[in-house]
>>> print(open('structure21.csv').read())   # CSV, C-alpha atoms
chain,number,residue,atom,x,y,z
A,6,MET,CA,39.0,-2.5,-48.9
A,7,LYS,CA,39.9,-3.3,-45.4
A,8,LEU,CA,37.1,-3.3,-42.8
A,9,ASN,CA,38.1,-3.0,-39.1
A,10,VAL,CA,35.1,-3.7,-36.8
A,11,ARG,CA,34.3,-5.2,-33.4
A,12,ILE,CA,32.0,-8.2,-33.7
A,13,ASN,CA,30.5,-9.8,-30.6
A,14,GLY,CA,33.2,-8.2,-28.5
A,15,LYS,CA,36.2,-9.2,-30.6
A,16,ASP,CA,38.2,-6.9,-33.0
A,17,LYS,CA,38.1,-8.2,-36.5
A,18,SER,CA,39.5,-7.2,-39.9
A,19,PHE,CA,38.1,-8.3,-43.2
A,20,ARG,CA,38.6,-7.6,-46.9
A,21,VAL,CA,35.4,-6.3,-48.4
A,22,GLY,CA,34.3,-5.1,-51.8
A,23,PRO,CA,33.0,-1.5,-52.1
A,24,GLU,CA,29.5,-2.7,-52.9
A,25,GLU,CA,29.3,-5.5,-50.3
A,26,VAL,CA,26.5,-5.4,-47.8
A,27,LEU,CA,27.2,-6.3,-44.1
A,28,LEU,CA,25.0,-9.4,-44.3
A,29,ASP,CA,27.2,-11.0,-47.0
A,30,VAL,CA,30.4,-10.2,-45.1
A,31,LEU,CA,29.0,-11.6,-41.8
A,32,ARG,CA,27.8,-14.8,-43.3
A,33,ARG,CA,31.0,-15.3,-45.3
A,34,GLU,CA,33.0,-14.9,-42.0
A,35,GLY,CA,30.9,-17.6,-40.2
A,36,TYR,CA,28.2,-15.5,-38.5
A,37,THR,CA,25.4,-17.7,-39.8
A,38,GLY,CA,22.9,-16.6,-37.2
A,39,VAL,CA,22.4,-13.6,-39.4
A,40,LYS,CA,19.8,-14.9,-41.9
A,41,ARG,CA,19.5,-14.1,-45.6
A,42,GLY,CA,15.8,-13.3,-46.1
A,43,CYS,CA,14.2,-10.7,-48.3
A,44,ARG,CA,17.5,-8.8,-49.1
A,45,LYS,CA,15.4,-5.6,-49.1
A,46,GLY,CA,15.3,-4.7,-45.4
A,47,ASP,CA,11.7,-5.7,-45.0
A,48,CYS,CA,11.8,-9.0,-43.0
A,49,GLY,CA,14.3,-8.5,-40.1
A,50,ALA,CA,15.9,-11.9,-40.5
A,51,CYS,CA,19.3,-10.2,-41.0
A,52,ALA,CA,19.0,-7.9,-38.0
A,53,VAL,CA,22.1,-7.0,-36.0
A,54,LEU,CA,22.9,-4.5,-33.3
A,55,ILE,CA,25.3,-1.7,-34.3
A,56,ASP,CA,26.4,0.4,-31.3
A,57,ASN,CA,23.3,-1.0,-29.5
A,58,GLU,CA,20.9,0.1,-32.3
A,59,LEU,CA,19.0,-2.4,-34.5
A,60,PHE,CA,19.8,-2.5,-38.3
A,61,ASN,CA,19.0,-4.7,-41.2
A,62,SER,CA,22.3,-5.9,-42.4
A,63,CYS,CA,21.1,-6.8,-45.9
A,64,VAL,CA,20.8,-3.1,-46.9
A,65,LEU,CA,23.8,-1.8,-45.0
A,66,PRO,CA,27.1,-1.2,-46.8
A,67,ALA,CA,29.7,-3.2,-45.0
A,68,MET,CA,32.1,-0.3,-44.8
A,69,SER,CA,29.5,1.8,-42.9
A,70,VAL,CA,30.3,-0.2,-39.8
A,71,ALA,CA,34.0,0.5,-39.8
A,72,GLY,CA,35.2,1.1,-36.2
A,73,LYS,CA,31.7,0.2,-34.8
A,74,ASP,CA,30.5,-2.5,-32.4
A,75,VAL,CA,28.4,-5.1,-34.1
A,76,ILE,CA,26.4,-7.7,-32.2
A,77,THR,CA,24.9,-10.8,-33.9
A,78,ILE,CA,22.8,-13.5,-32.2
A,79,GLU,CA,26.1,-15.4,-31.7
A,80,GLY,CA,27.2,-12.6,-29.4
A,81,ILE,CA,24.5,-12.7,-26.8
A,82,GLY,CA,24.5,-16.2,-25.5
A,83,THR,CA,26.0,-19.7,-26.0
A,84,PRO,CA,24.4,-23.1,-26.3
A,85,ASN,CA,25.6,-23.8,-22.7
A,86,ALA,CA,24.7,-20.3,-21.3
A,87,LEU,CA,21.7,-18.9,-23.1
A,88,HIS,CA,20.8,-15.3,-22.8
A,89,VAL,CA,17.5,-14.8,-20.9
A,90,LEU,CA,15.7,-13.8,-24.1
A,91,GLN,CA,16.9,-17.0,-25.8
A,92,ARG,CA,15.8,-19.1,-22.8
A,93,THR,CA,12.4,-17.5,-22.5
A,94,PHE,CA,11.7,-17.8,-26.3
A,95,LEU,CA,12.3,-21.6,-25.9
A,96,GLU,CA,10.4,-21.9,-22.7
A,97,GLU,CA,7.3,-20.1,-24.1
A,98,GLY,CA,7.4,-21.9,-27.5
A,99,ALA,CA,8.1,-18.6,-29.3
A,100,VAL,CA,10.0,-20.4,-32.0
A,101,GLN,CA,8.8,-22.5,-34.8
A,102,CYS,CA,11.2,-22.9,-37.7
A,103,GLY,CA,13.6,-20.5,-36.0
A,104,PHE,CA,14.5,-18.5,-39.1
A,105,CYS,CA,13.2,-15.2,-37.8
A,106,THR,CA,14.2,-15.9,-34.2
A,107,PRO,CA,17.7,-14.3,-34.2
A,108,GLY,CA,16.3,-11.0,-35.6
A,109,MET,CA,13.4,-11.0,-33.2
A,110,ILE,CA,15.6,-11.6,-30.2
A,111,LEU,CA,18.0,-8.8,-31.2
A,112,ALA,CA,15.1,-6.5,-31.8
A,113,VAL,CA,13.7,-7.0,-28.3
A,114,LYS,CA,17.1,-7.0,-26.8
A,115,ALA,CA,17.5,-3.4,-28.2
A,116,LEU,CA,14.1,-2.6,-26.6
A,117,LEU,CA,14.9,-4.1,-23.2
A,118,ASP,CA,18.3,-2.4,-23.1
A,119,ARG,CA,16.6,1.0,-23.2
A,120,ASN,CA,13.3,0.1,-21.5
A,121,GLU,CA,13.3,-2.6,-18.8
A,122,ASP,CA,9.5,-2.6,-18.5
A,123,PRO,CA,7.9,-2.2,-21.9
A,124,ASN,CA,4.1,-2.5,-22.4
A,125,GLU,CA,2.6,-4.7,-25.1
A,126,THR,CA,2.4,-1.8,-27.6
A,127,GLU,CA,6.1,-1.0,-27.1
A,128,ILE,CA,7.0,-4.7,-27.6
A,129,LYS,CA,4.9,-4.8,-30.8
A,130,GLU,CA,6.6,-1.6,-32.1
A,131,ALA,CA,10.0,-3.1,-31.4
A,132,LEU,CA,9.1,-6.2,-33.4
A,133,ASP,CA,7.6,-4.2,-36.3
A,134,GLY,CA,9.7,-5.1,-39.3
A,135,ASN,CA,10.5,-8.6,-38.1
A,136,LEU,CA,8.3,-11.0,-40.0
A,137,CYS,CA,7.4,-14.5,-38.9
A,138,ARG,CA,5.4,-16.9,-41.0
A,139,CYS,CA,5.1,-19.7,-38.5
A,140,THR,CA,3.8,-18.1,-35.2
A,141,GLY,CA,1.0,-15.7,-34.4
A,142,TYR,CA,3.3,-13.5,-32.3
A,143,VAL,CA,1.3,-14.2,-29.1
A,144,LYS,CA,4.0,-16.5,-27.7
A,145,ILE,CA,6.7,-14.1,-28.8
A,146,ILE,CA,5.1,-11.2,-26.9
A,147,LYS,CA,4.6,-13.5,-23.9
A,148,ALA,CA,8.3,-14.5,-24.0
A,149,VAL,CA,9.4,-10.9,-24.1
A,150,LYS,CA,7.3,-10.0,-21.1
A,151,LYS,CA,8.7,-13.0,-19.2
A,152,ALA,CA,12.2,-12.1,-20.2
A,153,ALA,CA,11.7,-8.4,-19.1
A,154,ARG,CA,10.5,-9.6,-15.7
A,155,SER,CA,13.5,-12.0,-15.3
A,156,MET,CA,16.0,-9.3,-16.4
A,157,ARG,CA,14.5,-6.8,-13.9
A,158,GLU,CA,14.6,-9.4,-11.1
A,159,VAL,CA,18.3,-10.2,-11.6
A,160,GLY,CA,19.4,-6.7,-12.8
A,161,GLU,CA,20.5,-7.7,-16.3
>>> encode(input="structure21.csv", output="structure tokens")
Amino acid sequence: MKLNVRINGKDKSFRVGPEEVLLDVLRREGYTGVKRGCRKGDCGACAVLIDNELFNSCVLPAMSVAGKDVITIEGIGTPNALHVLQRTFLEEGAVQCGFCTPGMILAVKALLDRNEDPNETEIKEALDGNLCRCTGYVKIIKAVKKAARSMREVGE
């Protein structure tokens, strides 16, 4: 089957099997920021934004995104021009091994796109479903609050 989709702002076309999940297609096509974790939709490592809404790509049939806009971590910043969320996660030490970081960043990006000034409870709710085994989430929440302030100040 042929899948036509927009990924990180670029129109793409892929051959996919009828049972393939989006995670496997994305990784096969070089989007390795999407991580293979639990494969059950429980950990958030494979999170992507689809039409600005967060989804776990490991449980999503690839063909369900036909004609949609998919954003992976590769689509929100570059090594030379980090997105404010990526920058604040680094500045605040909100990364350890980094495996969960792409999913975390996309989860809070979805939150900040709809709520520019979330409280701590709203941040925790946005991160629910994103598991991290290395941090205690304190630095992650601090990074999100700092990013929200920065984004409000510059109007991002």
>>> residues_around(input="structure21.csv", residues="Asn13 in chain A", least_positions_apart="6", cutoff="7 Å", atoms="all atoms listed in the file", output="list of chain:residue names")
A:Val75, A:Ile76, A:Thr77, A:Gly80
>>> closest_residue(input="structure21.csv", among="A:Pro107, A:Gly35, A:Pro66, A:Pro84", to="Cys51 in chain A", atoms="all atoms listed in the file")
A:Pro107
>>> closest_residue(input="structure21.csv", among="A:Val149, A:Val39, A:Val10, A:Val89", to="Glu127 in chain A", atoms="only C-alpha atoms")
A:Val149
>>> residues_around(input="structure21.csv", residues="Val159 in chain A", least_positions_apart="6", cutoff="12 Å", atoms="only C-alpha atoms", output="JSON, numbers by chain")
{"A": [89, 121, 152, 153]}
>>> residues_around(input="structure21.csv", residues="Leu8 in chain A", least_positions_apart="5", cutoff="7 Å", atoms="all atoms listed in the file", output="PyMOL selection string")
chain A and resi 18-21+68+71
>>> residues_around(input="structure21.csv", residues="Met109 in chain A", least_positions_apart="2", cutoff="12 Å", atoms="all atoms listed in the file", output="ChimeraX atom specification")
/A:38-40,48-54,59-61,77-78,90-91,94,99-100,103-107,111-116,128-137,142,145-146,148-149
>>> atom_distance(input="structure21.csv", atom1="CA of Met6 in chain A", atom2="CA of Arg32 in chain A")
17.6 Å
>>> residues_around(input="structure21.csv", residues="range 24-28 of chain A", least_positions_apart="6", cutoff="6 Å", atoms="all atoms listed in the file", output="JSON, numbers by chain")
{"A": [62, 63, 65, 66, 67]}
>>> closest_residue(input="structure21.csv", among="A:Leu31, A:Cys102, A:Val64, A:Thr126", to="Arg44 in chain A", atoms="only C-alpha atoms")
A:Val64
